[in-house]
Amino acid sequence: MDSMRRIFSARNLVIGTALLFLVVFVLFPLVLLVLRSFLGTEGEISLQNYIAVYGKERNWDAVVTTLLVCGLTMFFSMIFATGLAWLVVRSNLPYRRQLRSLFFIPYVIPPYVGAIAWILLLTPGVGYINKMLVEYCGADVPGPFDIYTIPGLVWVMTLFYYPLAFLNVASALEQMDNTLEEAARISGAHPLRVFWDVTLPLVSPSFFAGGLLVFAASASAFGVPAMIGMPSRIYVLSTQVIQYVYMGTTSGMREATALSVVLMVIAVITMALGNRLLSRKRYTLVGGKSARVLPVSLGRFKIPALIFSVLLGFLLVILPIGAIVVTSFVRVFGDPITLENLSLEHYAYILTFKTALEAFQNSFFLGIVAATLALLVASLIAYYRVKVKSPLARAADLIATVPYATPGTVIALALIIAFSGKYGLNLYNTFAILIVAYIVKYLAFSVRTVCASLEQIDLSLEEAAQISGASWLQSFRDIILPLVRPGLIAAWFLVFMTTFYELTMTILLYGPGTHNLGVILFEMQTYSNQQAASVLSVLILVVVLGGNVLVSKITKGKITI
């Protein structure tokens, strides 16, 4: 009888519900997607879909373009991130803290908003930078830059995904024991030689892991390749999957499934390699004597480095945000920016446009509900992972993490296949499928944040409460939750802000009346209503940057969105 009570205890029932959610909404759709990719036209197991997909030149082009764009983005991001991280962490550069925050801002900005900004700047003929260069040179040419190219795509993706590598390298540099560097400098080694022979090898696991994170994120991207690549018929795997789904045919869905599995395999392998690199570090970063990092003197290069950093911050943040803000006030995009060409009419249009207002309401509703439910599920999984520490707990943690490494288009397609009515539950074209997609994709955010908070709570507190007669639910409510409240609040905001402007999954899953801000912004930009798109971008940036400041204050700077 006692054993039965333990099995059906409140803790096991509540945690079991969270595990059931993982099985039904994470494991089942992804496994089903893989299985469906091997089903032929007659329902037989075969490689027919893969043969059909990779027998077409356009699909091979999409694979090659994906690898090329992601590889170049990873390469430039690693170089870019490492140089900036060293400047703001290891050198005596003035205003290091402020510049570090400035260099991190592109990570906070939705990448497709960044794409809109650089489209405004580098569109042939009418882009602000192209027009300035033409006017300065006095030549009657459209301008030297064209954003709608592979270099343009790589440029934008590098600017908005390099912070993933920057965070990894900066964290490793902060923790690194500097005695080896000091010994090299005392021996007469040049600072550049010290960096190449000592510093870089010490942080190499984080260096390569950050690069792999950039590769995985850029392979999963949809908004940037769609806005910059598709107008010039440059397709990557994520945009090619969307094209097949939009065909609305059985063959289109089969080919989209086969492409999605390949995309998922690329992303998961990349993330697994990154985790393996970080878990098998062979270098000592933190020594036993002191973890204090002494800054390296830049000498006569101190002021030039500061000027370079400020100009780079202007290029990364001020210029693109400024382009969006200015365009939101311009009557006619492409005409000279004069007082006569400035107005608030586009703000008035957006604030009275019924579809845009509905999108705002839907984004807030979806974000609030998804963040709340994700936090509930994540709290239980994190508790199970930290406090129980069983093989099943580790498996649950892994299942919750896999969707984060899986491209959003793949998750959306898996949910369409699983919950369109064929297997009993029809969520298609409803708010429910969007909420499930957001929870599944961003559950790992909450699990990691809550785990970090739970690991600091001693098990003896719960044991004391239970000895005093409190039930598990009471101890969880009255002891655990209050102690991890800051982590819970941060986890909630992390999910809310990312789902507030989500585009990649929503573009496949939204139905009549369930559109969000990401979809409306994408459609406005696609159909050349650039001023209205800029207004929406400004409003999204206000919410996102404000939310980031709030989370940073709550967590005292330890977590940012």
# chains A, B, ... in the order shown; residues from 1 in each chain; ligands from 1
>>> residues_around(residues="stretch 485-502 of chain A", least_positions_apart="6", cutoff="7 Å", atoms="only C-alpha atoms", output="number ranges by chain")
A: 363-364, 367-368, 371-372, 375, 438, 442, 445-446, 449-450, 453, 517-518, 544, 551, 554-555, 561
>>> closest_residue(among="A:Met247, A:Thr406, A:Val198, A:Leu427", to="A:Ala183", atoms="only C-alpha atoms")
A:Val198
>>> select_by_dssp(residues="stretch 254-438 of chain A", states="alpha helix (DSSP H)", output="MDAnalysis selection string")
chainID A and resid 254:279 302:313 319:329 345:352 354:383 391:405 408:418 431:438
>>> closest_residue(among="A:Ile79, A:Met230, A:Val26, A:Leu541", to="A:Gly322", atoms="only C-alpha atoms")
A:Leu541
>>> residues_around(residues="stretch 328-336 of chain A", least_positions_apart="5", cutoff="10 Å", atoms="only C-alpha atoms", output="PyMOL selection string")
chain A and resi 120+125-128+131+322-323+341-347+529-538
>>> closest_residue(among="A:Tyr148, A:Phe222, A:Phe103, A:Tyr244", to="A:Ala170", atoms="only C-alpha atoms")
A:Phe103
>>> atom_distance(atom1="atom CA of A:Ile119", atom2="atom CA of A:Met132")
14.8 Å
>>> closest_residue(among="A:Gly229, A:Trp86, A:Ile116, A:Phe28", to="A:Trp196", atoms="only C-alpha atoms")
A:Trp86
>>> residues_around(residues="stretch 299-313 of chain A", least_positions_apart="4", cutoff="8 Å", atoms="only C-alpha atoms", output="count of residues only")
8
>>> closest_residue(among="A:Gln48, A:Thr506, A:Thr338, A:Asn516", to="A:Leu434", atoms="only C-alpha atoms")
A:Thr506
>>> atom_distance(atom1="atom CA of A:Asn59", atom2="atom CA of A:Val154")
19.8 Å
>>> closest_atom_pairs(of="stretch 149-243 of chain A", to="stretch 256-265 of chain A", cutoff="8 Å", atoms="only C-alpha atoms", output="Markdown table")
| residue | atom | partner | partner_atom | distance |
| --- | --- | --- | --- | --- |
| A:Ala219 | CA | A:Leu263 | CA | 7.7 |
| A:Ser220 | CA | A:Leu263 | CA | 8.0 |
| A:Leu237 | CA | A:Leu263 | CA | 6.9 |
| A:Ser238 | CA | A:Leu263 | CA | 7.8 |
| A:Gln240 | CA | A:Ala256 | CA | 7.8 |
| A:Val241 | CA | A:Ala256 | CA | 4.9 |
| A:Ile242 | CA | A:Ala256 | CA | 7.6 |
